[in-house]
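*Asks:* Please see the structure below; I have some questions.
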Amino acid sequence: MLITMAISKAVIASLLVSLLIFHLVEADNHEMASGRNEGGVARSLLEKIDCAAACNGRCRLSSRPRLCKRACGTCCQRCNCVPPGTSGNTEVCPCYASLTTHGGRKKCP
């Protein structure tokens, strides 16, 4: 009697863990199928953005546009993301915000 009760508790626990894992996988599949990234912007994971156009927009008010576009282009190629606007908004693209130079300064404009 004691052994069967222990076995049934183990079966119930494994069933609950399995249901939890199934739920998490389904939620992840649903999020991937909707084509949304962390920032909520719809984009395919395999689709590359137009870095030249994105960096032109990002650097349009820069005092050194050629330097800005070169740095932005490097960051865009690595991250496949450029934050909107001419400055700030880096929370939309954490990869872009995290890149630094050898000296530890922010690499991406």
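Residue numbering restarts at 1 in every chain; chains get A, B, ... in the order shown in the structure tokens, and ligands count up from 1 in that same order.
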Skip Gly88 in chain A itself and residues of its chain fewer than 5 positions away, then list as a PyMOL selection string all residues within 10 Å of it, counting only C-alpha atoms.

*Replies:* chain A and resi 58+83+97+109

*Asks:* Could you list, as number ranges by chain, every residue within 12 Å of Ala52 in chain A, counting only C-alpha atoms and ignoring same-chain residues fewer than 6 positions away?

*Replies:* A: 58-60, 66, 68-77, 80-82

*Asks:* Take the selection from the previous step and output its residues with all heavy atoms, as a short mmCIF file (atom, residue, chain, number, x, y, z; two decimals), in the first residue's frame.

*Replies:*
data_model
loop_
_atom_site.label_atom_id
_atom_site.label_comp_id
_atom_site.auth_asym_id
_atom_site.auth_seq_id
_atom_site.Cartn_x
_atom_site.Cartn_y
_atom_site.Cartn_z
N ARG A 58 19.37 57.06 -38.73
CA ARG A 58 19.95 57.22 -37.39
C ARG A 58 20.98 58.36 -37.36
O ARG A 58 21.10 59.07 -36.37
CB ARG A 58 20.61 55.90 -36.98
CG ARG A 58 21.21 55.87 -35.60
CD ARG A 58 20.15 55.62 -34.57
NE ARG A 58 20.74 55.46 -33.24
CZ ARG A 58 20.04 55.52 -32.13
NH1 ARG A 58 18.74 55.70 -32.19
NH2 ARG A 58 20.61 55.38 -30.98
N CYS A 59 21.73 58.51 -38.42
CA CYS A 59 22.85 59.47 -38.44
C CYS A 59 22.53 60.78 -39.15
O CYS A 59 23.44 61.59 -39.37
CB CYS A 59 24.06 58.80 -39.09
SG CYS A 59 24.66 57.36 -38.18
N ARG A 60 21.30 61.03 -39.51
CA ARG A 60 20.98 62.20 -40.34
C ARG A 60 21.27 63.52 -39.64
O ARG A 60 21.51 64.52 -40.30
CB ARG A 60 19.54 62.14 -40.85
CG ARG A 60 18.48 62.38 -39.83
CD ARG A 60 17.07 62.32 -40.46
NE ARG A 60 16.06 62.56 -39.47
CZ ARG A 60 15.47 61.63 -38.77
NH1 ARG A 60 15.77 60.37 -38.97
NH2 ARG A 60 14.56 61.93 -37.88
N ARG A 66 29.70 60.59 -41.68
CA ARG A 66 30.43 59.45 -42.25
C ARG A 66 30.89 58.50 -41.14
O ARG A 66 30.78 57.28 -41.26
CB ARG A 66 31.61 59.92 -43.09
CG ARG A 66 31.16 60.69 -44.33
CD ARG A 66 32.31 61.24 -45.09
NE ARG A 66 32.78 60.24 -46.05
CZ ARG A 66 33.83 60.38 -46.81
NH1 ARG A 66 34.57 61.46 -46.72
NH2 ARG A 66 34.16 59.45 -47.66
N CYS A 68 29.57 58.29 -38.13
CA CYS A 68 28.35 57.74 -37.54
C CYS A 68 27.83 56.57 -38.36
O CYS A 68 27.52 55.51 -37.83
CB CYS A 68 27.29 58.83 -37.43
SG CYS A 68 25.73 58.28 -36.73
N LYS A 69 27.76 56.76 -39.69
CA LYS A 69 27.24 55.70 -40.56
C LYS A 69 28.14 54.47 -40.56
O LYS A 69 27.65 53.34 -40.62
CB LYS A 69 27.05 56.22 -41.98
CG LYS A 69 25.89 57.18 -42.10
CD LYS A 69 25.80 57.76 -43.50
CE LYS A 69 24.79 58.88 -43.56
NZ LYS A 69 24.78 59.52 -44.86
N ARG A 70 29.46 54.68 -40.48
CA ARG A 70 30.37 53.54 -40.45
C ARG A 70 30.19 52.73 -39.17
O ARG A 70 30.08 51.50 -39.19
CB ARG A 70 31.82 54.01 -40.58
CG ARG A 70 32.79 52.84 -40.73
CD ARG A 70 34.20 53.32 -40.95
NE ARG A 70 34.72 53.85 -39.69
CZ ARG A 70 35.62 54.81 -39.59
NH1 ARG A 70 36.11 55.38 -40.65
NH2 ARG A 70 36.04 55.20 -38.41
N ALA A 71 30.13 53.41 -38.02
CA ALA A 71 29.94 52.72 -36.74
C ALA A 71 28.56 52.07 -36.68
O ALA A 71 28.42 50.92 -36.28
CB ALA A 71 30.12 53.70 -35.59
N CYS A 72 27.56 52.79 -37.13
CA CYS A 72 26.19 52.27 -37.13
C CYS A 72 26.10 51.04 -38.03
O CYS A 72 25.47 50.04 -37.66
CB CYS A 72 25.22 53.34 -37.59
SG CYS A 72 23.51 52.80 -37.71
N GLY A 73 26.73 51.09 -39.18
CA GLY A 73 26.70 49.97 -40.11
C GLY A 73 27.32 48.72 -39.53
O GLY A 73 26.80 47.60 -39.69
N THR A 74 28.44 48.87 -38.82
CA THR A 74 29.08 47.74 -38.16
C THR A 74 28.15 47.14 -37.10
O THR A 74 27.98 45.92 -37.02
CB THR A 74 30.41 48.17 -37.50
OG1 THR A 74 31.26 48.70 -38.50
CG2 THR A 74 31.08 47.02 -36.80
N CYS A 75 27.56 47.99 -36.31
CA CYS A 75 26.64 47.54 -35.25
C CYS A 75 25.42 46.86 -35.85
O CYS A 75 24.95 45.83 -35.36
CB CYS A 75 26.23 48.71 -34.37
SG CYS A 75 27.60 49.47 -33.48
N CYS A 76 24.90 47.44 -36.92
CA CYS A 76 23.72 46.88 -37.58
C CYS A 76 24.02 45.50 -38.15
O CYS A 76 23.20 44.58 -38.04
CB CYS A 76 23.25 47.83 -38.68
SG CYS A 76 21.82 47.23 -39.59
N GLN A 77 25.18 45.32 -38.77
CA GLN A 77 25.55 44.02 -39.33
C GLN A 77 25.64 42.96 -38.24
O GLN A 77 25.22 41.82 -38.44
CB GLN A 77 26.89 44.12 -40.08
CG GLN A 77 26.82 44.90 -41.36
CD GLN A 77 25.95 44.23 -42.40
OE1 GLN A 77 25.96 43.03 -42.55
NE2 GLN A 77 25.17 45.04 -43.09
N ASN A 80 21.71 43.12 -36.48
CA ASN A 80 20.52 43.13 -37.35
C ASN A 80 19.42 43.99 -36.73
O ASN A 80 18.25 43.64 -36.75
CB ASN A 80 20.02 41.71 -37.63
CG ASN A 80 19.03 41.67 -38.78
OD1 ASN A 80 19.18 42.39 -39.75
ND2 ASN A 80 18.02 40.85 -38.66
N CYS A 81 19.84 45.11 -36.17
CA CYS A 81 18.89 46.00 -35.49
C CYS A 81 19.52 47.38 -35.37
O CYS A 81 20.71 47.50 -35.10
CB CYS A 81 18.59 45.44 -34.10
SG CYS A 81 17.44 46.44 -33.14
N VAL A 82 18.73 48.42 -35.58
CA VAL A 82 19.13 49.80 -35.34
C VAL A 82 17.97 50.46 -34.61
O VAL A 82 16.83 50.41 -35.09
CB VAL A 82 19.44 50.56 -36.66
CG1 VAL A 82 19.72 52.03 -36.39
CG2 VAL A 82 20.60 49.93 -37.38
#

*Asks:* What's the separation between CA of Ile7 in chain A and CA of His23 in chain A, in Å to one decimal place?

*Replies:*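 Taking CA of Ile7 in chain A and CA of His23 in chain A, their separation equals 24.3 Å.
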
*Asks:* Between CA of Gly103 in chain A and CA of Arg78 in chain A, what is the spacing in Å?

*Replies:*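 The value is 18.9 Å.
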
*Asks:* From the list A:Gly85, A:Leu67, A:Asp50, A:Asn56, which residue is nearest Lys107 in chain A when using only C-alpha atoms?

*Replies:* A:Leu67

*Asks:* Env of Cys79 in chain A: 12 Å cut, atoms = only C-alpha atoms, seq-sep filter 5 positions within chain, self excluded. Answer as a PyMOL selection string.

*Replies:* chain A and resi 45+48-49+51+72-74+92-99+108

*Asks:* Go ahead and write the selection's residues with N, CA, C and O atoms as a PDB file, in the first residue's frame.

*Replies:*
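Dumped to out-v3.pdb:
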ATOM      1  N   LEU A  45      12.912  36.280 -38.007  1.00  0.00           N
ATOM      2  CA  LEU A  45      14.236  36.111 -37.443  1.00  0.00           C
ATOM      3  C   LEU A  45      15.295  35.976 -38.525  1.00  0.00           C
ATOM      4  O   LEU A  45      16.455  36.287 -38.304  1.00  0.00           O
ATOM      5  N   LYS A  48      16.975  40.053 -42.921  1.00  0.00           N
ATOM      6  CA  LYS A  48      17.986  41.065 -42.624  1.00  0.00           C
ATOM      7  C   LYS A  48      17.392  42.444 -42.917  1.00  0.00           C
ATOM      8  O   LYS A  48      16.698  42.632 -43.904  1.00  0.00           O
ATOM      9  N   ILE A  49      17.703  43.406 -42.053  1.00  0.00           N
ATOM     10  CA  ILE A  49      17.206  44.753 -42.299  1.00  0.00           C
ATOM     11  C   ILE A  49      18.146  45.476 -43.259  1.00  0.00           C
ATOM     12  O   ILE A  49      19.292  45.064 -43.451  1.00  0.00           O
ATOM     13  N   CYS A  51      20.548  47.919 -43.554  1.00  0.00           N
ATOM     14  CA  CYS A  51      21.394  48.684 -42.636  1.00  0.00           C
ATOM     15  C   CYS A  51      21.713  50.077 -43.159  1.00  0.00           C
ATOM     16  O   CYS A  51      21.755  51.039 -42.385  1.00  0.00           O
ATOM     17  N   CYS A  72      27.557  52.793 -37.126  1.00  0.00           N
ATOM     18  CA  CYS A  72      26.191  52.268 -37.127  1.00  0.00           C
ATOM     19  C   CYS A  72      26.095  51.036 -38.028  1.00  0.00           C
ATOM     20  O   CYS A  72      25.468  50.043 -37.662  1.00  0.00           O
ATOM     21  N   GLY A  73      26.733  51.094 -39.183  1.00  0.00           N
ATOM     22  CA  GLY A  73      26.697  49.967 -40.111  1.00  0.00           C
ATOM     23  C   GLY A  73      27.321  48.718 -39.529  1.00  0.00           C
ATOM     24  O   GLY A  73      26.801  47.601 -39.688  1.00  0.00           O
ATOM     25  N   THR A  74      28.441  48.874 -38.818  1.00  0.00           N
ATOM     26  CA  THR A  74      29.082  47.738 -38.156  1.00  0.00           C
ATOM     27  C   THR A  74      28.155  47.139 -37.105  1.00  0.00           C
ATOM     28  O   THR A  74      27.975  45.920 -37.024  1.00  0.00           O
ATOM     29  N   VAL A  92      15.231  49.236 -27.303  1.00  0.00           N
ATOM     30  CA  VAL A  92      14.593  48.480 -28.383  1.00  0.00           C
ATOM     31  C   VAL A  92      15.554  47.436 -28.949  1.00  0.00           C
ATOM     32  O   VAL A  92      15.135  46.400 -29.434  1.00  0.00           O
ATOM     33  N   CYS A  93      16.843  47.714 -28.872  1.00  0.00           N
ATOM     34  CA  CYS A  93      17.865  46.839 -29.456  1.00  0.00           C
ATOM     35  C   CYS A  93      19.014  46.647 -28.461  1.00  0.00           C
ATOM     36  O   CYS A  93      20.034  47.330 -28.554  1.00  0.00           O
ATOM     37  N   PRO A  94      18.871  45.725 -27.503  1.00  0.00           N
ATOM     38  CA  PRO A  94      19.893  45.542 -26.467  1.00  0.00           C
ATOM     39  C   PRO A  94      21.274  45.179 -27.023  1.00  0.00           C
ATOM     40  O   PRO A  94      22.291  45.606 -26.487  1.00  0.00           O
ATOM     41  N   CYS A  95      21.327  44.403 -28.104  1.00  0.00           N
ATOM     42  CA  CYS A  95      22.609  44.036 -28.708  1.00  0.00           C
ATOM     43  C   CYS A  95      23.336  45.289 -29.165  1.00  0.00           C
ATOM     44  O   CYS A  95      24.530  45.475 -28.901  1.00  0.00           O
ATOM     45  N   TYR A  96      22.636  46.163 -29.857  1.00  0.00           N
ATOM     46  CA  TYR A  96      23.196  47.417 -30.375  1.00  0.00           C
ATOM     47  C   TYR A  96      23.747  48.255 -29.226  1.00  0.00           C
ATOM     48  O   TYR A  96      24.813  48.841 -29.328  1.00  0.00           O
ATOM     49  N   ALA A  97      23.016  48.292 -28.128  1.00  0.00           N
ATOM     50  CA  ALA A  97      23.413  49.107 -26.975  1.00  0.00           C
ATOM     51  C   ALA A  97      24.591  48.517 -26.224  1.00  0.00           C
ATOM     52  O   ALA A  97      25.347  49.239 -25.572  1.00  0.00           O
ATOM     53  N   SER A  98      24.805  47.207 -26.317  1.00  0.00           N
ATOM     54  CA  SER A  98      25.837  46.556 -25.507  1.00  0.00           C
ATOM     55  C   SER A  98      27.215  46.525 -26.162  1.00  0.00           C
ATOM     56  O   SER A  98      28.200  46.229 -25.491  1.00  0.00           O
ATOM     57  N   LEU A  99      27.323  46.838 -27.461  1.00  0.00           N
ATOM     58  CA  LEU A  99      28.625  46.792 -28.128  1.00  0.00           C
ATOM     59  C   LEU A  99      29.498  47.956 -27.668  1.00  0.00           C
ATOM     60  O   LEU A  99      29.035  49.088 -27.561  1.00  0.00           O
ATOM     61  N   CYS A 108      28.202  52.035 -30.717  1.00  0.00           N
ATOM     62  CA  CYS A 108      27.115  52.338 -31.651  1.00  0.00           C
ATOM     63  C   CYS A 108      26.484  53.688 -31.359  1.00  0.00           C
ATOM     64  O   CYS A 108      26.145  53.984 -30.216  1.00  0.00           O
TER      65      CYS A 108
END

*Asks:* Using CA of Pro65 in chain A and CA of Gly104 in chain A as the two end points, give the distance in Å to one decimal.

*Replies:*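 Answer for the CA of Pro65 in chain A to CA of Gly104 in chain A separation: 21.9 Å.
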